[in-house]
Every structure is written in C-alpha cells, then in structure tokens.
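Data block for my_file.txt (compact mmCIF, C-alpha atoms and all ligand atoms):
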# COMPACT_ATOMS: atom_id res chain seq x y z
CA MET A 1 -75.52 -10.62 74.90
CA ASN A 2 -72.49 -8.38 75.07
CA VAL A 3 -69.56 -10.07 76.85
CA VAL A 4 -67.82 -6.78 77.60
CA VAL A 5 -70.94 -5.45 79.35
CA GLN A 6 -71.22 -8.71 81.30
CA ILE A 7 -67.61 -8.39 82.49
CA PHE A 8 -68.31 -4.77 83.37
CA PHE A 9 -71.30 -5.77 85.51
CA PHE A 10 -69.26 -8.41 87.34
CA PHE A 11 -66.50 -5.87 87.98
CA LEU A 12 -69.01 -3.22 89.10
CA GLY A 13 -70.53 -5.78 91.46
CA SER A 14 -67.18 -6.68 92.99
CA VAL A 15 -66.41 -2.98 93.57
CA VAL A 16 -69.82 -2.50 95.21
CA GLY A 17 -69.10 -5.69 97.19
CA SER A 18 -65.89 -4.11 98.43
CA PHE A 19 -67.95 -1.16 99.72
CA LEU A 20 -70.49 -3.57 101.25
CA ASN A 21 -67.60 -5.17 103.17
CA VAL A 22 -66.89 -1.77 104.71
CA CYS A 23 -70.58 -1.45 105.68
CA ILE A 24 -70.62 -5.01 107.10
CA TYR A 25 -67.59 -4.22 109.26
CA ARG A 26 -68.53 -0.72 110.34
CA LEU A 27 -72.34 -0.45 110.63
CA PRO A 28 -72.71 -2.93 113.54
CA ARG A 29 -69.76 -1.21 115.26
CA GLU A 30 -71.51 2.14 114.78
CA LYS A 31 -68.63 3.63 112.83
CA SER A 32 -68.91 5.98 109.87
CA ILE A 33 -68.91 4.21 106.50
CA VAL A 34 -67.20 7.08 104.68
CA HIS A 35 -64.46 8.11 107.07
CA PRO A 36 -61.68 7.20 107.84
CA PRO A 37 -60.39 5.20 104.84
CA SER A 38 -60.04 1.42 105.24
CA ALA A 39 -57.30 0.27 107.59
CA CYS A 40 -55.99 -3.12 108.71
CA PRO A 41 -57.71 -4.14 111.97
CA GLY A 42 -54.41 -5.75 113.03
CA CYS A 43 -51.84 -2.95 112.68
CA GLY A 44 -54.11 0.02 111.91
CA LYS A 45 -52.14 1.00 108.80
CA PRO A 46 -54.30 2.40 105.97
CA ILE A 47 -54.84 -0.03 103.10
CA ARG A 48 -53.17 1.23 99.91
CA PHE A 49 -55.34 1.65 96.84
CA TYR A 50 -53.45 -1.07 94.95
CA ASP A 51 -54.07 -3.48 97.84
CA ASN A 52 -57.78 -2.68 97.74
CA ILE A 53 -58.66 -4.11 94.33
CA PRO A 54 -61.65 -6.45 94.70
CA LEU A 55 -60.76 -10.19 94.65
CA ILE A 56 -57.37 -9.65 92.97
CA SER A 57 -55.69 -8.07 96.00
CA TYR A 58 -56.88 -10.85 98.28
CA ILE A 59 -55.35 -13.45 95.96
CA LEU A 60 -52.08 -11.54 95.44
CA LEU A 61 -51.65 -10.92 99.18
CA LYS A 62 -52.66 -14.54 99.93
CA GLY A 63 -55.30 -13.23 102.34
CA ARG A 64 -52.90 -11.35 104.61
CA CYS A 65 -52.11 -7.70 105.42
CA ARG A 66 -49.04 -6.50 103.50
CA GLU A 67 -47.67 -4.70 106.57
CA CYS A 68 -48.21 -7.05 109.51
CA GLY A 69 -49.40 -10.34 108.03
CA THR A 70 -52.73 -10.32 109.91
CA LYS A 71 -55.15 -12.70 108.21
CA ILE A 72 -57.88 -10.96 106.20
CA SER A 73 -61.31 -12.56 106.67
CA ILE A 74 -62.44 -14.85 103.84
CA ARG A 75 -65.69 -12.88 104.02
CA TYR A 76 -64.05 -10.09 101.96
CA PRO A 77 -63.49 -12.05 98.72
CA ILE A 78 -66.74 -14.01 99.25
CA VAL A 79 -68.83 -10.80 99.40
CA GLU A 80 -66.95 -9.30 96.44
CA PHE A 81 -67.45 -12.42 94.33
CA LEU A 82 -71.08 -12.90 95.34
CA THR A 83 -71.99 -9.28 94.58
CA GLY A 84 -70.17 -9.47 91.23
CA LEU A 85 -71.96 -12.69 90.32
CA LEU A 86 -75.41 -11.35 91.25
CA PHE A 87 -74.87 -8.11 89.28
CA LEU A 88 -73.81 -10.18 86.27
CA LEU A 89 -76.88 -12.44 86.58
CA LEU A 90 -79.17 -9.41 86.99
CA TYR A 91 -77.81 -7.92 83.79
CA ARG A 92 -78.28 -11.24 81.99
CA GLN A 93 -81.93 -11.40 83.08
CA PHE A 94 -83.04 -7.74 83.02
CA GLU A 95 -80.43 -6.19 80.68
CA LEU A 96 -80.02 -2.40 80.78
CA THR A 97 -83.40 -1.56 82.29
CA PHE A 98 -84.74 0.23 85.32
CA GLU A 99 -85.50 -3.19 86.85
CA SER A 100 -81.78 -3.97 86.78
CA LEU A 101 -81.02 -0.83 88.78
CA VAL A 102 -83.82 -1.57 91.28
CA PHE A 103 -82.62 -5.12 91.87
CA ILE A 104 -78.95 -4.08 92.00
CA LEU A 105 -79.83 -1.84 94.95
CA PHE A 106 -82.03 -4.56 96.44
CA VAL A 107 -79.46 -7.40 96.35
CA SER A 108 -76.75 -5.04 97.65
CA LEU A 109 -78.90 -4.33 100.71
CA LEU A 110 -79.65 -8.04 101.13
CA ILE A 111 -75.96 -8.97 101.03
CA ALA A 112 -75.01 -6.36 103.65
CA ILE A 113 -77.95 -7.41 105.86
CA SER A 114 -77.19 -11.15 105.56
CA PHE A 115 -73.53 -10.92 106.46
CA ILE A 116 -74.16 -8.53 109.37
CA ASP A 117 -76.92 -10.83 110.64
CA LEU A 118 -74.64 -13.89 110.32
CA GLU A 119 -71.89 -12.26 112.32
CA PHE A 120 -73.75 -10.06 114.83
CA ARG A 121 -77.33 -11.44 114.94
CA ILE A 122 -78.69 -7.97 114.23
CA ILE A 123 -80.13 -6.17 111.21
CA PRO A 124 -79.36 -2.44 111.37
CA ASP A 125 -82.48 -0.27 110.92
CA ILE A 126 -80.60 2.02 108.57
CA LEU A 127 -80.52 -0.89 106.09
CA SER A 128 -83.96 -2.47 106.68
CA ILE A 129 -86.08 0.64 107.26
CA GLY A 130 -83.89 2.56 104.80
CA GLY A 131 -84.65 -0.28 102.37
CA VAL A 132 -88.41 0.02 102.97
CA ILE A 133 -88.27 3.72 102.06
CA LEU A 134 -85.97 3.17 99.08
CA GLY A 135 -88.09 0.31 97.75
CA PHE A 136 -91.24 2.40 97.99
CA LEU A 137 -89.65 5.43 96.30
CA LEU A 138 -88.40 3.20 93.47
CA SER A 139 -91.91 1.78 93.02
CA ILE A 140 -93.12 5.35 92.45
CA ALA A 141 -90.37 5.91 89.89
CA ARG A 142 -90.96 2.63 88.02
CA PRO A 143 -93.87 3.77 85.78
CA PHE A 144 -91.66 6.51 84.32
CA PHE A 145 -89.37 3.91 82.77
CA HIS A 146 -91.17 2.21 79.93
CA ARG A 147 -88.48 0.00 78.52
CA VAL A 148 -89.93 -3.04 80.23
CA GLU A 149 -93.29 -3.56 81.77
CA PRO A 150 -92.75 -2.81 85.45
CA ARG A 151 -93.09 -5.97 87.52
CA PHE A 152 -94.38 -4.18 90.60
CA GLY A 153 -96.38 -0.99 91.00
CA ILE A 154 -96.86 1.41 93.89
CA LEU A 155 -99.81 -0.58 95.25
CA ASP A 156 -97.74 -3.80 95.19
CA SER A 157 -95.05 -2.06 97.17
CA LEU A 158 -97.45 -0.59 99.73
CA ILE A 159 -99.28 -3.89 100.27
CA GLY A 160 -95.93 -5.67 100.46
CA ILE A 161 -94.75 -3.33 103.21
CA ALA A 162 -98.05 -3.70 105.06
CA ILE A 163 -98.04 -7.52 104.84
CA GLY A 164 -94.31 -7.92 105.45
CA GLY A 165 -94.09 -5.40 108.23
CA GLY A 166 -97.56 -5.24 109.73
CA ILE A 167 -99.29 -8.58 109.65
CA LEU A 168 -96.15 -10.56 110.43
CA PHE A 169 -95.48 -8.21 113.29
CA ALA A 170 -98.94 -9.06 114.62
CA ILE A 171 -98.32 -12.81 114.22
CA ALA A 172 -94.98 -12.54 116.02
CA TRP A 173 -96.61 -10.54 118.79
CA ILE A 174 -99.44 -13.06 119.26
CA TYR A 175 -96.93 -15.95 119.14
CA GLN A 176 -94.89 -14.29 121.87
CA LEU A 177 -98.01 -13.60 123.93
CA ILE A 178 -99.10 -17.25 123.82
CA THR A 179 -95.77 -19.07 124.06
CA LYS A 180 -93.83 -16.44 126.04
CA ARG A 181 -90.98 -17.01 123.60
CA GLU A 182 -89.70 -14.80 120.88
CA GLY A 183 -90.40 -16.35 117.49
CA MET A 184 -89.31 -14.08 114.70
CA GLY A 185 -87.09 -11.14 115.62
CA GLY A 186 -88.00 -7.49 115.00
CA GLY A 187 -85.13 -7.23 112.53
CA ASP A 188 -86.55 -10.07 110.44
CA ILE A 189 -89.94 -8.36 110.28
CA LYS A 190 -88.43 -5.08 109.10
CA LEU A 191 -86.45 -7.05 106.54
CA LEU A 192 -89.70 -8.64 105.31
CA GLY A 193 -91.18 -5.16 105.07
CA MET A 194 -88.24 -4.20 102.87
CA ILE A 195 -88.69 -7.32 100.71
CA GLY A 196 -92.36 -6.31 100.38
CA ALA A 197 -91.40 -2.78 99.34
CA PHE A 198 -89.23 -4.14 96.51
CA CYS A 199 -91.12 -7.30 95.50
CA GLY A 200 -94.73 -6.85 96.59
CA ILE A 201 -96.89 -9.29 98.51
CA LYS A 202 -95.96 -12.27 96.30
CA GLY A 203 -92.32 -11.66 97.11
CA VAL A 204 -93.00 -11.51 100.86
CA ILE A 205 -94.92 -14.77 100.92
CA PHE A 206 -92.47 -16.50 98.57
CA SER A 207 -89.45 -15.37 100.62
CA LEU A 208 -91.02 -16.39 103.91
CA ILE A 209 -92.00 -19.87 102.70
CA SER A 210 -88.73 -20.61 100.91
CA ALA A 211 -86.69 -19.22 103.85
CA SER A 212 -88.56 -21.52 106.26
CA PHE A 213 -88.03 -24.45 103.90
CA ILE A 214 -84.31 -23.85 103.27
CA GLY A 215 -83.84 -22.88 106.93
CA SER A 216 -85.23 -26.25 108.05
CA ILE A 217 -83.04 -28.18 105.64
CA VAL A 218 -79.95 -26.39 106.92
CA GLY A 219 -81.07 -25.89 110.50
CA ILE A 220 -82.41 -29.30 111.57
CA PRO A 221 -79.15 -31.23 110.97
CA LEU A 222 -77.28 -28.40 112.74
CA MET A 223 -79.65 -28.59 115.68
CA LEU A 224 -79.30 -32.38 115.88
CA ALA A 225 -75.53 -32.09 115.73
CA LYS A 226 -75.13 -29.29 118.22
CA GLY A 227 -78.14 -29.56 120.50
CA ARG A 228 -81.32 -27.57 120.88
CA ASP A 229 -79.78 -24.20 121.65
CA THR A 230 -78.72 -23.86 118.04
CA LYS A 231 -82.28 -22.80 117.20
CA TYR A 232 -81.40 -19.38 118.49
CA ALA A 233 -77.91 -19.41 117.03
CA ILE A 234 -79.03 -19.52 113.40
CA PRO A 235 -80.10 -16.10 112.13
CA PHE A 236 -83.15 -16.04 109.84
CA GLY A 237 -82.15 -12.93 107.85
CA PRO A 238 -79.79 -14.69 105.42
CA PHE A 239 -82.49 -17.27 104.59
CA LEU A 240 -85.09 -14.55 103.98
CA SER A 241 -82.56 -12.77 101.77
CA LEU A 242 -81.83 -15.95 99.84
CA GLY A 243 -85.57 -16.50 99.36
CA ALA A 244 -85.92 -12.94 98.06
CA VAL A 245 -83.03 -13.39 95.61
CA ILE A 246 -84.57 -16.62 94.30
CA PHE A 247 -87.86 -14.72 93.91
CA VAL A 248 -86.19 -11.95 91.88
CA PHE A 249 -84.70 -14.44 89.42
CA LYS A 250 -87.12 -17.38 89.33
CA GLY A 251 -90.11 -16.41 91.48
CA ASP A 252 -92.73 -16.31 88.72
CA ILE A 253 -91.58 -19.60 87.16
CA LEU A 254 -91.49 -21.40 90.52
CA ILE A 255 -94.87 -20.03 91.63
CA ASN A 256 -96.51 -21.05 88.33
CA ALA A 257 -94.93 -24.51 88.52
CA PHE A 258 -96.22 -24.87 92.08
CA ILE A 259 -99.75 -23.79 91.09
CA ASN A 260 -99.68 -26.27 88.17
CA ILE A 261 -98.74 -29.16 90.43
CA VAL A 262 -101.33 -28.27 93.09
CA SER A 263 -104.20 -27.70 90.63
CA ARG A 264 -103.76 -31.05 88.88
ZN ZN B 301 -51.90 -5.05 109.22
Here is the file; what I need is its structure written in the form of structure tokens.
Ligand SMILES: [Zn+2]
Amino acid sequence: MNVVVQIFFFFLGSVVGSFLNVCIYRLPREKSIVHPPSACPGCGKPIRFYDNIPLISYILLKGRCRECGTKISIRYPIVEFLTGLLFLLLYRQFELTFESLVFILFVSLLIAISFIDLEFRIIPDILSIGGVILGFLLSIARPFFHRVEPRFGILDSLIGIAIGGGILFAIAWIYQLITKREGMGGGDIKLLGMIGAFCGIKGVIFSLISASFIGSIVGIPLMLAKGRDTKYAIPFGPFLSLGAVIFVFKGDILINAFINIVSR
C-alpha cells in the first residue's frame, strides 16, 4: 500500500478536521460556517493562514493565540488528529473506492455530531437530517461505482432510516408515555436514522447495542462517582457514533464472530 497516499489521506483528514472544528464551534452558536474567517475567541483577531495549519500550528504555538496568549482548546488538535487517523484507516481498508468517499463523509459527520453533543448536549438537525438525506442519495449512487461490490443498497438505506428513525422513535415515545421520563433524545433518534441511511439496518442495530454496552462501561463508574444525576449528563451521541465507526471497520467480522459463539 502506497505510503505517500496514506500520508496524503492523513493530511486530508486533518484539514477536514480543521473545518469540522469550525462547524463544532459555530453550528451550535448558530453562526455561519463560511463567514467570517476564523478568529481568536479571546482577542477577536483573525487567525493567520500560517497559524491555521492542522496539528502543527497548535504545537508550534504551544496551544495559545499568537496575539493575546488565550489558551486554544485541546479539542482542536484532537479533532484534527482523529479525523486524519480515520481517513488514513478508511483508505487502508477501502482503498481508492466509492466506499472510501462514502465513509469519509460519514465519519466527518459523526465527528462533528459527537463533539457538539459532548459540549452542548444537542445534535443539530442540519447534520443529522442532512446526513439522512446525504446517506440515502449516496446509496442511490453506489451501484454506479463497480470497483467494489457495494456493501449497502438503496433498500438497505431506506430500511435503515425507517428502523433507526421510525421504530426507535416509537419505542422512545412509548417509554416516555409509561415512565413519564425521557429515555432517548430526539437528536439521538435522528442520528440513528442517519446511521441507518449510511449503514443499513445491521449498522443501526450494531451501533445501538455497542453504544449501550460501551456507554454502560463508561457511564456506570461515572454515575457511582458523581451521583445519579450524571445519567442525564452523559450524551449518547458520541457512543452511537463510536458504535457506527466500529461497524464501518469491523462490523461484519464482529457480527459473524458473535453469531458463531451463540450458535455453538
Ligand atoms: Zn487572541
């Protein structure tokens, strides 16, 4: 596998990550993501292009604004690195195929959604519902690209949206009706609809189960340490996103392994 192309994919990912940082900062604040250019939240001075190089600028500036010394959030290099790493791994698994492009768009949406949900406890509709539409449109386009057998067809996408968005919405509604408490948020359900649009019904179920599993492992110690109220303080979106990313890379292998164990 070509090392130069791998480096290119990591670099491309970190540049996209830099743009995702802008979305993460601006979308929940209802600001435009294209205008004005990035500025320091401390002093308001525009960030120069040579101070806006993914990862490298953060290291060179030691995480502070060149003008006023305001600390730059560690989220910036984390998102840039994470996006770079995922792009690199996608290329290593899917190479230069249409699937790579589909999943590049998918993980970019998941990263923006996760970090917004972590910070603001919301998932903007423009990302989740936008993702449902994008995922469905890509499923229509998939059959035109024959380099690899498409993993998911139009029907997969449609059923995924219906299961992710519809049936889970019904479960959440019934749960709320019986317990008078909100179980899963509306944002999470739209996110599951988006996961369904990209990954089909298998992806929805896999993401939901693994998110619940990982969420419990992380959440229960947190709840014990900080008291019951933490249940509502931990957003579910990042766990669903993590489940979806695991599905993209290892879903088939893990599902087959699980079926093997159960059917013994
Ligand atoms: Zn500044």
Task: Which of A:Ile161, A:Leu101, A:Ile126, A:Ile74 sits closest to Arg142 in chain A [using only C-alpha atoms] - done: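 Residue with the minimum atom-to-atom distance to Arg142 in chain A: A:Leu101.
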Open item on the list: If the limit is 12 Å from any atom of ligand ZN 301 (chain B), counting all atoms listed in the file, which residues qualify? Return them as a ChimeraX atom specification.
Closed with: /A:38-48,51,61,63-72
Filtering to C-alpha atoms, could you give me those residues as an mmCIF file, keeping the file's coordinate frame?
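Writing done, so here's out_13.cif:
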data_model
loop_
_atom_site.group_PDB
_atom_site.id
_atom_site.type_symbol
_atom_site.label_atom_id
_atom_site.label_comp_id
_atom_site.auth_asym_id
_atom_site.auth_seq_id
_atom_site.Cartn_x
_atom_site.Cartn_y
_atom_site.Cartn_z
ATOM 1 C CA SER A 38 -60.040 1.420 105.240
ATOM 2 C CA ALA A 39 -57.300 0.270 107.590
ATOM 3 C CA CYS A 40 -55.990 -3.120 108.710
ATOM 4 C CA PRO A 41 -57.710 -4.140 111.970
ATOM 5 C CA GLY A 42 -54.410 -5.750 113.030
ATOM 6 C CA CYS A 43 -51.840 -2.950 112.680
ATOM 7 C CA GLY A 44 -54.110 0.020 111.910
ATOM 8 C CA LYS A 45 -52.140 1.000 108.800
ATOM 9 C CA PRO A 46 -54.300 2.400 105.970
ATOM 10 C CA ILE A 47 -54.840 -0.030 103.100
ATOM 11 C CA ARG A 48 -53.170 1.230 99.910
ATOM 12 C CA ASP A 51 -54.070 -3.480 97.840
ATOM 13 C CA LEU A 61 -51.650 -10.920 99.180
ATOM 14 C CA GLY A 63 -55.300 -13.230 102.340
ATOM 15 C CA ARG A 64 -52.900 -11.350 104.610
ATOM 16 C CA CYS A 65 -52.110 -7.700 105.420
ATOM 17 C CA ARG A 66 -49.040 -6.500 103.500
ATOM 18 C CA GLU A 67 -47.670 -4.700 106.570
ATOM 19 C CA CYS A 68 -48.210 -7.050 109.510
ATOM 20 C CA GLY A 69 -49.400 -10.340 108.030
ATOM 21 C CA THR A 70 -52.730 -10.320 109.910
ATOM 22 C CA LYS A 71 -55.150 -12.700 108.210
ATOM 23 C CA ILE A 72 -57.880 -10.960 106.200
#
TODO: Figure out the distance between CA of Ile154 in chain A and CA of Ile189 in chain A, please, to one decimal in Å.
DONE: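 Interatomic distance, CA of Ile189 in chain A to CA of Ile154 in chain A: 20.3 Å.
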Can you tell me, as JSON, the centre and edge lengths (Å, one decimal) of the axis-aligned box enclosing all of range 112-123 of chain A's listed atoms after padding each side by 8 Å?
{"center_x": -76.0, "center_y": -10.0, "center_z": 109.3, "size_x": 24.2, "size_y": 23.7, "size_z": 27.3}
Task: Which residue of A:Gly135, A:Leu127, A:Leu242, A:Gly215 approaches Cys199 in chain A most closely, using only C-alpha atoms - done: A:Gly135
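The closest residue to Leu105 in chain A, picked from A:Ile129, A:Leu138, A:Val262, A:Val204 and counting all atoms listed in the file, is A:Leu138.
Proximity to Gly200 in chain A at 8 Å, evaluated using all atoms listed in the file and with sequence-adjacent residues fewer than 4 positions away removed, yields Phe152, Asp156, Ser157, Leu158, Ile159, Gly160, Ile161, Ile195, Gly196 and Val204 of chain A.
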Task: Among listed residues A:Ile167, A:Ile253, A:Ala112, A:Val102, nearest Phe198 in chain A (using all atoms listed in the file) - done: A:Val102
TODO: For the point (-71.6, -7.0, 90.0) in the file's frame, write as an MDAnalysis selection string all residues with an atom no more than 8 Å away, counting all atoms listed in the file.
DONE: chainID A and resid 8:17 82:88
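Across the structure, CA of Gly187 in chain A and CA of Ile78 in chain A are spaced 23.7 Å apart.
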- [ ] Could you check which of A:Lys250, A:Arg264, A:Arg75, A:Arg121 is closest to Ile234 in chain A, using all atoms listed in the file?
- [x] A:Arg121
